[in-house]
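Visitor: Below you'll find query07.csv; it's CSV, C-alpha atoms and all ligand atoms.
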chain,number,residue,atom,x,y,z
A,28,MET,CA,7.3,7.3,24.7
A,29,THR,CA,6.5,4.7,22.2
A,30,LYS,CA,7.1,5.5,18.5
A,31,LEU,CA,6.2,3.5,15.5
A,32,PHE,CA,8.7,3.4,12.7
A,33,THR,CA,6.5,0.8,11.2
A,34,ILE,CA,4.7,0.8,7.9
A,35,GLY,CA,1.2,0.1,9.3
A,36,PRO,CA,-0.1,0.7,11.8
A,37,SER,CA,2.1,3.8,11.8
A,38,GLN,CA,2.7,6.8,14.0
A,39,MET,CA,-0.7,8.6,14.0
A,40,TYR,CA,-1.3,12.3,13.9
A,41,ASP,CA,-2.8,13.9,17.0
A,42,GLU,CA,-6.0,15.0,15.2
A,43,VAL,CA,-6.6,11.4,14.2
A,44,ILE,CA,-6.0,10.1,17.7
A,45,GLU,CA,-8.5,12.6,19.0
A,46,SER,CA,-11.1,11.6,16.5
A,47,ARG,CA,-10.9,8.0,17.8
A,48,ASN,CA,-11.8,9.2,21.2
A,49,SER,CA,-15.6,9.6,20.7
A,50,MET,CA,-18.5,7.3,20.4
A,51,VAL,CA,-19.0,5.7,17.0
A,52,PRO,CA,-22.1,7.2,15.4
A,53,TYR,CA,-25.0,5.5,13.6
A,54,PHE,CA,-24.2,5.4,9.9
A,55,ARG,CA,-27.4,5.1,7.8
A,56,THR,CA,-27.8,8.9,7.8
A,57,GLN,CA,-27.4,11.8,5.4
A,58,GLU,CA,-24.4,13.1,7.5
A,59,PHE,CA,-22.5,9.8,7.1
A,60,SER,CA,-23.3,9.7,3.4
A,61,GLU,CA,-21.9,13.2,3.0
A,62,MET,CA,-18.7,12.2,4.8
A,63,MET,CA,-18.4,9.2,2.4
A,64,PHE,CA,-18.7,11.5,-0.6
A,65,PHE,CA,-16.0,13.8,0.9
A,66,ILE,CA,-13.7,10.8,1.5
A,67,SER,CA,-14.3,9.5,-2.0
A,68,ASP,CA,-13.6,12.9,-3.5
A,69,MET,CA,-10.4,13.3,-1.5
A,70,LEU,CA,-9.3,9.8,-2.5
A,71,LEU,CA,-9.7,10.6,-6.2
A,72,ASN,CA,-7.9,14.0,-5.8
A,73,THR,CA,-5.0,12.5,-3.9
A,74,LEU,CA,-4.7,9.7,-6.5
A,75,ASN,CA,-4.9,12.1,-9.4
A,76,ALA,CA,-7.8,10.0,-10.7
A,77,ASP,CA,-10.5,11.2,-13.0
A,78,HIS,CA,-13.8,11.7,-11.3
A,79,GLU,CA,-15.4,9.2,-13.6
A,80,SER,CA,-13.5,6.5,-11.6
A,81,LYS,CA,-15.4,4.1,-9.3
A,82,VAL,CA,-14.6,4.1,-5.6
A,83,ILE,CA,-15.3,0.9,-3.7
A,84,PRO,CA,-14.8,1.1,0.1
A,85,LEU,CA,-14.3,-2.3,1.8
A,86,THR,CA,-14.1,-3.2,5.4
A,87,ALA,CA,-11.1,-5.4,5.1
A,88,SER,CA,-7.3,-5.2,5.4
A,89,GLY,CA,-5.4,-4.7,2.2
A,90,THR,CA,-5.3,-8.4,1.3
A,91,GLY,CA,-9.1,-8.5,1.4
A,92,ALA,CA,-9.1,-5.7,-1.2
A,93,MET,CA,-6.5,-7.5,-3.3
A,94,GLU,CA,-8.7,-10.6,-3.3
A,95,ALA,CA,-11.9,-8.6,-4.0
A,96,THR,CA,-10.2,-7.0,-7.0
A,97,VAL,CA,-8.9,-10.2,-8.5
A,98,THR,CA,-12.2,-12.0,-8.1
A,99,ASN,CA,-14.5,-9.2,-9.3
A,100,CYS,CA,-12.5,-8.3,-12.3
A,101,PHE,CA,-11.1,-11.6,-13.7
A,102,THR,CA,-12.1,-15.2,-14.3
A,103,ASN,CA,-10.5,-18.4,-15.5
A,104,LYS,CA,-10.9,-17.1,-19.1
A,105,ASP,CA,-8.4,-14.3,-18.4
A,106,LYS,CA,-4.6,-14.6,-18.1
A,107,LEU,CA,-2.8,-12.3,-15.8
A,108,LEU,CA,0.8,-11.3,-15.5
A,109,ILE,CA,2.1,-10.7,-11.9
A,110,ILE,CA,5.3,-9.0,-10.8
A,111,ASN,CA,6.5,-11.3,-8.0
A,112,GLY,CA,9.4,-9.7,-6.2
A,113,GLY,CA,8.5,-10.5,-2.6
A,114,THR,CA,5.8,-11.4,-0.1
A,115,PHE,CA,3.1,-9.2,-1.6
A,116,GLY,CA,3.8,-10.2,-5.2
A,117,LYS,CA,3.6,-13.8,-4.1
A,118,ARG,CA,0.2,-13.1,-2.5
A,119,PHE,CA,-1.3,-12.1,-5.8
A,120,CYS,CA,0.0,-15.4,-7.2
A,121,GLN,CA,-1.6,-17.3,-4.3
A,122,LEU,CA,-4.9,-15.5,-4.8
A,123,CYS,CA,-4.9,-16.4,-8.5
A,124,GLU,CA,-4.2,-20.0,-7.7
A,125,LYS,CA,-6.9,-20.2,-5.1
A,126,HIS,CA,-9.5,-18.7,-7.5
A,127,TYR,CA,-8.3,-20.7,-10.5
A,128,ILE,CA,-7.3,-17.6,-12.5
A,129,PRO,CA,-4.4,-18.4,-15.0
A,130,TYR,CA,-1.3,-16.3,-14.6
A,131,ASP,CA,2.4,-16.1,-15.3
A,132,SER,CA,4.7,-14.4,-12.9
A,133,VAL,CA,7.9,-12.4,-13.4
A,134,ASP,CA,9.9,-13.7,-10.5
A,135,LEU,CA,12.6,-11.4,-9.1
A,136,ALA,CA,15.4,-12.6,-6.7
A,137,PHE,CA,16.1,-10.4,-3.7
A,138,GLY,CA,17.8,-7.3,-4.9
A,139,GLU,CA,17.0,-7.8,-8.6
A,140,VAL,CA,15.8,-4.6,-10.2
A,141,LEU,CA,12.7,-4.9,-12.4
A,142,SER,CA,13.7,-3.8,-15.9
A,143,THR,CA,12.5,-3.9,-19.6
A,144,GLU,CA,14.4,-7.2,-20.1
A,145,HIS,CA,12.1,-9.0,-17.6
A,146,LEU,CA,9.1,-8.0,-19.5
A,147,ILE,CA,10.1,-8.5,-23.2
A,148,ARG,CA,9.2,-12.2,-23.3
A,149,TYR,CA,5.7,-11.4,-22.0
A,150,ALA,CA,5.0,-8.8,-24.7
A,151,THR,CA,2.7,-11.2,-26.5
A,152,ASN,CA,-0.6,-9.5,-26.4
A,153,THR,CA,-2.1,-12.5,-24.6
A,154,TYR,CA,-2.6,-11.1,-21.1
A,155,THR,CA,-5.7,-9.4,-19.8
A,156,ALA,CA,-3.9,-7.5,-17.1
A,157,LEU,CA,-0.7,-6.8,-15.2
A,158,LEU,CA,-0.8,-7.0,-11.4
A,159,VAL,CA,1.8,-5.3,-9.4
A,160,ASN,CA,2.5,-4.2,-5.8
A,161,LEU,CA,4.2,-1.0,-6.9
A,162,HIS,CA,6.1,-0.7,-3.7
A,163,GLU,CA,7.0,-4.2,-2.8
A,164,THR,CA,6.9,-3.6,0.9
A,165,SER,CA,8.8,-6.7,1.9
A,166,THR,CA,12.0,-5.5,0.2
A,167,GLY,CA,11.3,-1.7,-0.2
A,168,GLN,CA,11.8,-1.8,-4.0
A,169,LEU,CA,9.7,0.7,-5.8
A,170,TYR,CA,9.1,-0.5,-9.4
A,171,ASN,CA,9.3,1.8,-12.4
A,172,ILE,CA,5.7,2.9,-13.1
A,173,ASP,CA,6.7,4.4,-16.5
A,174,LEU,CA,8.0,1.1,-17.6
A,175,LEU,CA,4.9,-0.8,-16.4
A,176,SER,CA,2.5,1.7,-17.8
A,177,GLU,CA,4.1,1.7,-21.2
A,178,PHE,CA,4.2,-2.1,-21.3
A,179,CYS,CA,0.5,-2.3,-20.5
A,180,LYS,CA,-0.4,0.3,-23.1
A,181,THR,CA,1.7,-1.4,-25.8
A,182,ASN,CA,0.3,-4.8,-25.0
A,183,ASN,CA,-3.3,-3.8,-24.5
A,184,MET,CA,-3.5,-4.8,-20.9
A,185,PHE,CA,-5.2,-3.4,-17.8
A,186,LEU,CA,-2.9,-2.1,-15.2
A,187,VAL,CA,-3.8,-3.2,-11.6
A,188,VAL,CA,-1.8,-1.6,-8.9
A,189,ASP,CA,-1.6,-2.5,-5.2
A,190,ALA,CA,-0.5,1.0,-4.1
A,191,ILE,CA,-1.0,0.2,-0.5
A,192,SER,CA,2.5,1.2,0.7
A,193,THR,CA,3.2,3.9,-1.9
A,194,TYR,CA,0.0,6.0,-1.8
A,195,LEU,CA,0.7,9.2,0.2
A,196,CYS,CA,4.4,8.1,0.5
A,197,ASP,CA,5.6,8.6,-3.1
A,198,ASP,CA,4.1,10.5,-6.0
A,199,TYR,CA,1.3,8.4,-7.5
A,200,ASN,CA,-0.8,9.4,-10.5
A,201,VAL,CA,-3.6,7.3,-11.9
A,202,SER,CA,-4.4,9.5,-14.9
A,203,LYS,CA,-0.8,10.0,-16.0
A,204,TYR,CA,-0.1,6.3,-16.0
A,205,ASN,CA,-3.5,5.0,-17.1
A,206,ILE,CA,-3.9,2.9,-14.0
A,207,ASP,CA,-7.1,0.8,-14.1
A,208,ALA,CA,-7.3,-0.4,-10.5
A,209,THR,CA,-5.7,1.1,-7.4
A,210,ILE,CA,-5.8,-0.6,-4.1
A,211,VAL,CA,-5.1,1.4,-0.9
A,212,SER,CA,-5.6,0.8,2.8
A,213,SER,CA,-6.3,2.9,5.9
A,214,GLN,CA,-3.2,1.9,8.0
A,215,LYS,CA,-0.4,2.7,5.6
A,216,GLY,CA,0.1,6.2,4.0
A,217,LEU,CA,-3.2,7.4,5.5
A,218,CYS,CA,-1.8,6.6,9.0
A,219,CYS,CA,-5.2,5.5,10.4
A,220,SER,CA,-6.2,2.3,12.2
A,221,PRO,CA,-6.4,-0.8,10.1
A,222,GLY,CA,-9.8,-2.0,8.9
A,223,ILE,CA,-10.7,0.0,5.7
A,224,SER,CA,-9.4,-0.5,2.2
A,225,PHE,CA,-10.4,1.2,-1.1
A,226,VAL,CA,-10.4,0.0,-4.6
A,227,VAL,CA,-10.5,2.6,-7.3
A,228,LEU,CA,-11.5,1.4,-10.8
A,229,SER,CA,-11.2,3.1,-14.2
A,230,PRO,CA,-14.4,3.2,-16.1
A,231,ARG,CA,-12.8,0.9,-18.7
A,232,LEU,CA,-12.0,-1.8,-16.1
A,233,ASP,CA,-15.4,-1.3,-14.5
A,234,GLU,CA,-17.1,-2.1,-17.9
A,235,TYR,CA,-14.9,-5.2,-18.3
A,236,ARG,CA,-15.8,-6.3,-14.8
A,237,LYS,CA,-19.5,-5.9,-15.4
A,238,LYS,CA,-19.3,-8.2,-18.5
A,239,GLN,CA,-17.7,-10.9,-16.3
A,240,ASN,CA,-21.0,-11.2,-14.5
A,241,LYS,CA,-19.7,-13.5,-11.8
A,242,ALA,CA,-19.8,-12.3,-8.2
A,243,ILE,CA,-18.3,-15.2,-6.3
A,244,TYR,CA,-18.6,-13.4,-3.0
A,245,GLN,CA,-21.5,-11.9,-1.2
A,246,TYR,CA,-19.4,-9.6,1.0
A,247,PHE,CA,-17.1,-8.4,-1.7
A,248,ASP,CA,-19.5,-7.9,-4.6
A,249,PHE,CA,-18.3,-4.7,-6.4
A,250,SER,CA,-21.7,-4.2,-8.1
A,251,ASP,CA,-23.5,-4.1,-4.8
A,252,CYS,CA,-20.8,-1.8,-3.3
A,253,LEU,CA,-21.0,0.6,-6.3
A,254,MET,CA,-24.7,0.7,-6.2
A,255,ASP,CA,-24.7,1.7,-2.5
A,256,MET,CA,-21.9,4.2,-3.0
A,257,GLN,CA,-24.1,6.2,-5.3
A,258,ARG,CA,-25.8,7.3,-2.1
A,259,GLY,CA,-22.6,7.3,0.0
A,260,GLN,CA,-23.4,4.0,1.7
A,261,THR,CA,-22.0,0.5,1.9
A,262,PRO,CA,-24.1,-2.8,1.7
A,263,TYR,CA,-22.8,-4.0,5.1
A,264,THR,CA,-21.8,-2.2,8.3
A,265,PRO,CA,-18.4,-0.6,7.6
A,266,ALA,CA,-15.7,0.1,10.1
A,267,VAL,CA,-17.4,3.4,11.0
A,268,GLY,CA,-14.7,4.5,13.4
A,269,VAL,CA,-11.9,4.0,10.9
A,270,LEU,CA,-13.9,6.0,8.3
A,271,LEU,CA,-14.1,8.8,10.8
A,272,GLU,CA,-10.4,8.7,11.2
A,273,ILE,CA,-9.9,8.8,7.5
A,274,ASN,CA,-12.2,11.8,7.3
A,275,THR,CA,-10.0,13.6,9.8
A,276,MET,CA,-6.9,12.7,7.9
A,277,PHE,CA,-8.3,13.9,4.6
A,278,ARG,CA,-9.4,17.2,6.3
A,279,LYS,CA,-5.8,17.6,7.4
A,280,ILE,CA,-4.5,16.8,3.9
A,281,LYS,CA,-6.9,19.3,2.4
A,282,ASN,CA,-5.6,21.9,4.8
A,283,ASP,CA,-1.9,21.2,4.7
A,284,GLY,CA,-1.7,20.0,1.1
A,285,LYS,CA,-0.6,16.6,-0.2
A,286,ALA,CA,2.7,18.0,-1.3
A,287,SER,CA,3.6,18.9,2.3
A,288,LEU,CA,2.8,15.4,3.5
A,289,LEU,CA,4.9,13.8,0.7
A,290,ASN,CA,7.7,16.2,1.4
A,291,ARG,CA,7.7,15.3,5.1
A,292,VAL,CA,8.1,11.5,4.3
A,293,LYS,CA,10.8,12.3,1.7
A,294,CYS,CA,12.8,14.5,4.1
A,295,ASN,CA,12.6,11.8,6.9
A,296,ALA,CA,13.7,9.1,4.5
A,297,GLU,CA,16.6,11.1,3.1
A,298,PHE,CA,17.8,12.2,6.6
A,299,PHE,CA,17.7,8.6,7.8
A,300,ARG,CA,19.5,7.2,4.7
A,301,ASN,CA,22.2,9.8,4.9
A,302,SER,CA,22.7,9.4,8.7
A,303,ILE,CA,22.7,5.6,8.9
A,304,THR,CA,25.8,5.5,6.6
A,305,ARG,CA,27.8,6.3,9.8
A,306,LEU,CA,27.0,2.8,11.1
A,307,ASN,CA,28.0,-0.6,10.0
A,308,VAL,CA,24.9,-1.4,8.0
A,309,SER,CA,24.1,-1.2,4.3
A,310,ILE,CA,21.1,-0.1,2.3
A,311,PRO,CA,20.2,-2.1,-0.8
A,312,ASP,CA,20.8,0.0,-3.9
A,313,TYR,CA,17.6,-0.8,-5.9
A,314,PRO,CA,15.1,2.0,-6.4
A,315,LYS,CA,13.2,2.5,-3.2
A,316,SER,CA,10.0,4.0,-2.0
A,317,TYR,CA,10.3,6.9,0.5
A,318,ALA,CA,7.9,4.9,2.7
A,319,LEU,CA,10.6,2.8,4.2
A,320,THR,CA,14.3,2.0,4.2
A,321,PRO,CA,15.5,-1.6,4.4
A,322,ILE,CA,18.8,-1.9,6.3
A,323,LEU,CA,21.1,-4.9,6.2
A,324,PHE,CA,23.4,-5.8,9.1
A,325,SER,CA,26.7,-7.6,8.4
A,326,LYS,CA,25.8,-10.3,11.0
A,327,PRO,CA,22.5,-12.1,11.8
A,328,ILE,CA,21.5,-9.6,14.5
A,329,ALA,CA,18.3,-8.1,13.1
A,330,LYS,CA,15.9,-9.9,15.4
A,331,ASN,CA,17.9,-8.9,18.4
A,332,CYS,CA,18.1,-5.3,17.3
A,333,PHE,CA,14.3,-5.3,16.7
A,334,SER,CA,13.7,-6.5,20.3
A,335,TYR,CA,16.3,-4.2,21.8
A,336,LEU,CA,14.8,-1.1,20.2
A,337,TYR,CA,11.2,-1.7,21.4
A,338,LYS,CA,12.0,-3.2,24.8
A,339,GLU,CA,14.7,-0.7,25.8
A,340,LYS,CA,13.7,2.4,23.8
A,341,GLY,CA,10.0,2.0,22.9
A,342,LEU,CA,10.9,2.3,19.2
A,343,TYR,CA,9.2,-0.1,16.9
A,344,VAL,CA,10.6,-1.0,13.5
A,345,ASN,CA,9.6,-3.7,11.0
A,346,PRO,CA,11.3,-7.0,11.2
A,347,CYS,CA,11.5,-9.1,8.0
A,348,GLY,CA,10.5,-12.6,7.2
A,349,GLY,CA,12.1,-15.1,4.8
A,350,ASP,CA,15.8,-15.5,3.9
A,351,PHE,CA,16.9,-12.1,5.1
A,352,GLY,CA,15.0,-12.1,8.4
A,353,ASP,CA,18.1,-12.5,10.4
A,354,ARG,CA,19.9,-9.6,8.7
A,355,MET,CA,17.4,-7.1,7.6
A,356,LEU,CA,15.1,-4.6,9.3
A,357,ARG,CA,12.8,-2.1,7.6
A,358,ILE,CA,12.4,1.5,9.0
A,359,ALA,CA,9.3,3.4,8.0
A,360,HIS,CA,9.3,7.1,7.6
A,361,ILE,CA,5.6,7.8,7.4
A,362,GLY,CA,3.2,9.4,9.9
A,363,ASN,CA,3.8,11.8,12.7
A,364,LEU,CA,7.5,11.3,12.9
A,365,SER,CA,10.1,14.1,12.8
A,366,ILE,CA,13.8,14.3,11.9
A,367,ALA,CA,14.5,14.4,15.7
A,368,ASP,CA,12.6,11.1,16.1
A,369,HIS,CA,14.8,9.6,13.4
A,370,ASP,CA,17.9,10.8,15.2
A,371,GLU,CA,16.6,9.1,18.3
A,372,LEU,CA,16.2,5.9,16.4
A,373,ILE,CA,19.7,6.1,14.9
A,374,CYS,CA,21.1,6.6,18.4
A,375,GLY,CA,19.2,3.5,19.5
A,376,ILE,CA,20.7,1.4,16.7
A,377,THR,CA,24.1,2.9,17.5
A,378,GLU,CA,23.8,1.8,21.1
A,379,PHE,CA,22.7,-1.6,20.1
A,380,LEU,CA,25.6,-2.0,17.7
A,381,GLN,CA,28.1,-0.8,20.4
A,382,GLY,CA,26.8,-3.4,22.9
A,383,ASP,CA,26.6,-5.9,20.0
A,384,ILE,CA,24.1,-7.9,21.8
A,385,VAL,CA,24.2,-11.1,19.8
B,401,LIG,C1,0.4,-3.9,3.9
B,401,LIG,C2,0.3,-4.3,2.5
B,401,LIG,C3,-0.8,-5.1,2.0
B,401,LIG,C4,-1.9,-5.5,2.9
B,401,LIG,O1,-1.6,-6.3,4.0
B,401,LIG,P1,-2.7,-6.6,5.1
B,401,LIG,O2,-2.0,-7.2,6.2
B,401,LIG,O3,-3.8,-7.4,4.5
B,401,LIG,O4,-3.2,-5.2,5.4
B,401,LIG,C5,-0.9,-5.4,0.7
B,401,LIG,N1,0.1,-5.1,-0.2
B,401,LIG,C6,1.1,-4.3,0.2
B,401,LIG,C7,2.1,-3.9,-0.8
B,401,LIG,C8,1.3,-3.9,1.5
B,401,LIG,O5,2.3,-3.2,1.9
For the file at hand, write its structure as structure tokens.
Guide:
Amino acid sequence: MTKLFTIGPSQMYDEVIESRNSMVPYFRTQEFSEMMFFISDMLLNTLNADHESKVIPLTASGTGAMEATVTNCFTNKDKLLIINGGTFGKRFCQLCEKHYIPYDSVDLAFGEVLSTEHLIRYATNTYTALLVNLHETSTGQLYNIDLLSEFCKTNNMFLVVDAISTYLCDDYNVSKYNIDATIVSSQKGLCCSPGISFVVLSPRLDEYRKKQNKAIYQYFDFSDCLMDMQRGQTPYTPAVGVLLEINTMFRKIKNDGKASLLNRVKCNAEFFRNSITRLNVSIPDYPKSYALTPILFSKPIAKNCFSYLYKEKGLYVNPCGGDFGDRMLRIAHIGNLSIADHDELICGITEFLQGDIV
């Protein structure tokens, strides 16, 4: 049977798969609006966000929500600071370039741990906001939120967090860390189909955004979205089916508790990290999200291992791009995966290494 050890789409829960299996309903109804209010409430609860926060549902993958956030909140009169430690950090830089928003980036080499020293020279009180992909999914590094939150407070900056691959994988707390924008997507920690993303804004950033008064997009205009969300609706047809899945997932989380979901991810990650030490692979030692584990082979066999696992065993893991593509794979621990499933994966990797199919 096929299993996804991938960060998104990920191995879905049975309840969610069942909820996909019915006709997509019409959505300009009271019932749909109520569902949207429930989703919005659960989103704020699971983010530990204040209920004054603004929830913007978008029918887009995560990158769409990143672009919408950057373009709705900032202009060429702002200056942003971006933590650029991989593919997703770079994407924030590219977005700012495309939209002519000035920025500086803190560029990290592979394996370099973000620390206070990296930030000191930017403590100049000249930046509007700091943009960070808290879990840089391309490497697995989880940045220190205490450090970033303190830095933003001291330097009077908004804190904008792409939490796409840390939300519902690690602890995440909007109120505690004064996070002004959080971006999440349906297909990562929520383990639903791709297609829906949410942006959650603090009242403070929402006020700032309104003063900018410059919607450059029709589709992504936050003012329109927020006006419609007052009655549980969206300006344009949303991915209704994905919202139904999210509704199911949030009902599950309401029943089981967020702690139990987080604990499951953590146990899977710890089991995998302990067990894989038996093999001739290494795990980078920077701070990591529980969402996934990067593994490095001593030889350029990662692509072969990736193919072997899914073709021979039906086990899908994440390959990597860039300089480490030949040596690195990423194993996700989210979704409906057990310790036994992880054991099966380790057996698969062991078999591959024994055959050493280079
Ligand atoms: C997955 C992901 C995204 C969004 O990627 P899409 O392909 O647009 O869904 C953005 N940021 C991070 C950190 C991610 O892990």
Visitor: List the spatial neighbours of Asp368 of chain A as a list of chain:residue names - criterion: any atom at most 10 Å away, only C-alpha atoms, same-chain residues fewer than 3 positions off excluded.
Guide: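 Listing them by chain and then by number gives A:Lys30, A:Leu31, A:Phe32, A:Asn295, A:Leu342, A:His360, A:Asn363, A:Leu364, A:Ser365, A:Glu371, A:Leu372, A:Ile373, A:Cys374.
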Visitor: Nearest to Gln245 of chain A: which of A:Asn99, A:Thr151, A:Asn111, A:Thr275 is it, counting all atoms listed in the file?
Guide: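 Using all atoms listed in the file, Gln245 of chain A sits closest to A:Asn99.
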Visitor: Got a sec to check which residues lie within 9 Å of ligand LIG 401 (chain B), using all atoms listed in the file, and send them as a PyMOL selection string?
Guide: chain A and resi 34-35+87-93+114-116+118+159-165+189-193+210-215+221-222+224
Visitor: Nearest to Glu45 of chain A among A:Leu135, A:Leu271, A:Leu158, A:Ile328, with distances taken over only C-alpha atoms: which residue is it?
Guide: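 Among A:Leu135, A:Leu271, A:Leu158, A:Ile328, it is A:Leu271 that comes nearest to Glu45 of chain A.
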Visitor: Which one of A:Met28, A:Leu195, A:Leu71, A:Ile83 sits closest to Lys285 of chain A if you count all atoms listed in the file?
Guide: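 Using all atoms listed in the file, the shortest distance to Lys285 of chain A belongs to A:Leu195.
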Visitor: When you look at Gly362 of chain A with a cut-off of 9 Å (counting all atoms listed in the file), what residues show up, excluding the ones that are within fewer than 4 positions of it in the same chain? I need them as number ranges by chain.
Guide: A: 31-32, 34, 37-40, 215-218, 288, 291-292
Visitor: Atom CA of Phe119 of chain A and atom CA of Asp255 of chain A are how many Å apart?
Guide: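 Interatomic distance, atom CA of Phe119 of chain A to atom CA of Asp255 of chain A: 27.4 Å.
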Visitor: Quick check, in Å to one decimal: how far apart do atom CA of Gln257 of chain A and atom CA of Phe185 of chain A lie?
Guide: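 Interatomic distance, atom CA of Gln257 of chain A to atom CA of Phe185 of chain A: 24.6 Å.
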Visitor: Once you count only C-alpha atoms, which residues end up no further than 10 Å from (1.2, -15.7, -6.2) in the file's frame, shown as a PyMOL selection string?
Guide: chain A and resi 109-111+113-125+130-132+134
Visitor: Here is a test: counting only C-alpha atoms, which residue of A:Lys330, A:Asn200, A:Leu175, A:Lys338 is nearest to His145 of chain A?
Guide: A:Leu175
Visitor: Quick one: of A:Phe277, A:Asn331, A:Tyr313, A:Cys294, who's nearest to Val43 of chain A, counting only C-alpha atoms?
Guide: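 With only C-alpha atoms as the atom set, the closest residue is A:Phe277.
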Visitor: Of the residues A:Thr143, A:Asn205, A:Thr96, A:Ser80, which is the one nearest to Ser67 of chain A, using all atoms listed in the file?
Guide: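 Closest candidate: A:Ser80.
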Visitor: How would you write as a list in words the residues that get within 7 Å of (-8.5, -1.5, -8.5) in the file's frame, counting only C-alpha atoms?
Guide: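 With a cut-off of 7 Å, the residues come to Thr96, Val187, Val188, Asp207, Ala208, Thr209, Ile210, Val226, Val227 and Leu228 of chain A.
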Visitor: Quick check, in Å to one decimal: how far apart do atom CA of Ala76 of chain A and atom CA of Tyr199 of chain A lie?
Guide: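 Those two atoms sit 9.8 Å apart.
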Visitor: Within 9 Å of segment 323-325 of chain A, counting only C-alpha atoms, which residues qualify if same-chain residues fewer than 4 places away don't, as an MDAnalysis selection string?
Guide: chainID A and resid 307:311 329 351 353:357
Visitor: Identify, on the basis of all atoms listed in the file, every residue whose closest approach to Phe65 of chain A does not exceed 8 Å; exclude the query and any residue fewer than 4 positions from it along the same chain; express the result as a list in words.
Guide: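 The residues that qualify are Glu61, Met69 and Asn274 of chain A.
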Visitor: Can you complete the atoms of segment 96-111 of chain A to N, CA and C atoms and list them as an mmCIF file, in the coordinates of the input?
Guide:
data_model
loop_
_atom_site.group_PDB
_atom_site.id
_atom_site.type_symbol
_atom_site.label_atom_id
_atom_site.label_comp_id
_atom_site.auth_asym_id
_atom_site.auth_seq_id
_atom_site.Cartn_x
_atom_site.Cartn_y
_atom_site.Cartn_z
ATOM 1 N N THR A 96 -10.477 -7.480 -5.689
ATOM 2 C CA THR A 96 -10.200 -7.000 -7.000
ATOM 3 C C THR A 96 -9.952 -8.088 -8.010
ATOM 4 N N VAL A 97 -9.152 -9.061 -7.593
ATOM 5 C CA VAL A 97 -8.900 -10.200 -8.500
ATOM 6 C C VAL A 97 -10.163 -10.943 -8.826
ATOM 7 N N THR A 98 -10.998 -11.181 -7.836
ATOM 8 C CA THR A 98 -12.200 -12.000 -8.100
ATOM 9 C C THR A 98 -13.317 -11.274 -8.775
ATOM 10 N N ASN A 99 -13.411 -9.972 -8.578
ATOM 11 C CA ASN A 99 -14.500 -9.200 -9.300
ATOM 12 C C ASN A 99 -14.133 -8.904 -10.705
ATOM 13 N N CYS A 100 -12.840 -8.769 -10.981
ATOM 14 C CA CYS A 100 -12.500 -8.300 -12.300
ATOM 15 C C CYS A 100 -12.080 -9.396 -13.283
ATOM 16 N N PHE A 101 -11.662 -10.551 -12.788
ATOM 17 C CA PHE A 101 -11.100 -11.600 -13.700
ATOM 18 C C PHE A 101 -11.690 -12.959 -13.417
ATOM 19 N N THR A 102 -11.600 -13.801 -14.451
ATOM 20 C CA THR A 102 -12.100 -15.200 -14.300
ATOM 21 C C THR A 102 -11.064 -16.139 -14.900
ATOM 22 N N ASN A 103 -11.445 -17.404 -14.951
ATOM 23 C CA ASN A 103 -10.500 -18.400 -15.500
ATOM 24 C C ASN A 103 -10.337 -18.273 -17.018
ATOM 25 N N LYS A 104 -11.079 -17.350 -17.630
ATOM 26 C CA LYS A 104 -10.900 -17.100 -19.100
ATOM 27 C C LYS A 104 -9.821 -16.037 -19.323
ATOM 28 N N ASP A 105 -9.409 -15.359 -18.256
ATOM 29 C CA ASP A 105 -8.400 -14.300 -18.400
ATOM 30 C C ASP A 105 -6.998 -14.977 -18.165
ATOM 31 N N LYS A 106 -5.979 -14.202 -18.512
ATOM 32 C CA LYS A 106 -4.600 -14.600 -18.100
ATOM 33 C C LYS A 106 -3.926 -13.361 -17.607
ATOM 34 N N LEU A 107 -3.366 -13.475 -16.430
ATOM 35 C CA LEU A 107 -2.800 -12.300 -15.800
ATOM 36 C C LEU A 107 -1.253 -12.450 -15.710
ATOM 37 N N LEU A 108 -0.597 -11.304 -15.652
ATOM 38 C CA LEU A 108 0.800 -11.300 -15.500
ATOM 39 C C LEU A 108 1.124 -10.597 -14.135
ATOM 40 N N ILE A 109 1.896 -11.266 -13.278
ATOM 41 C CA ILE A 109 2.100 -10.700 -11.900
ATOM 42 C C ILE A 109 3.613 -10.487 -11.710
ATOM 43 N N ILE A 110 3.924 -9.296 -11.204
ATOM 44 C CA ILE A 110 5.300 -9.000 -10.800
ATOM 45 C C ILE A 110 5.503 -9.578 -9.421
ATOM 46 N N ASN A 111 6.349 -10.578 -9.322
ATOM 47 C CA ASN A 111 6.500 -11.300 -8.000
ATOM 48 C C ASN A 111 7.937 -11.071 -7.516
#
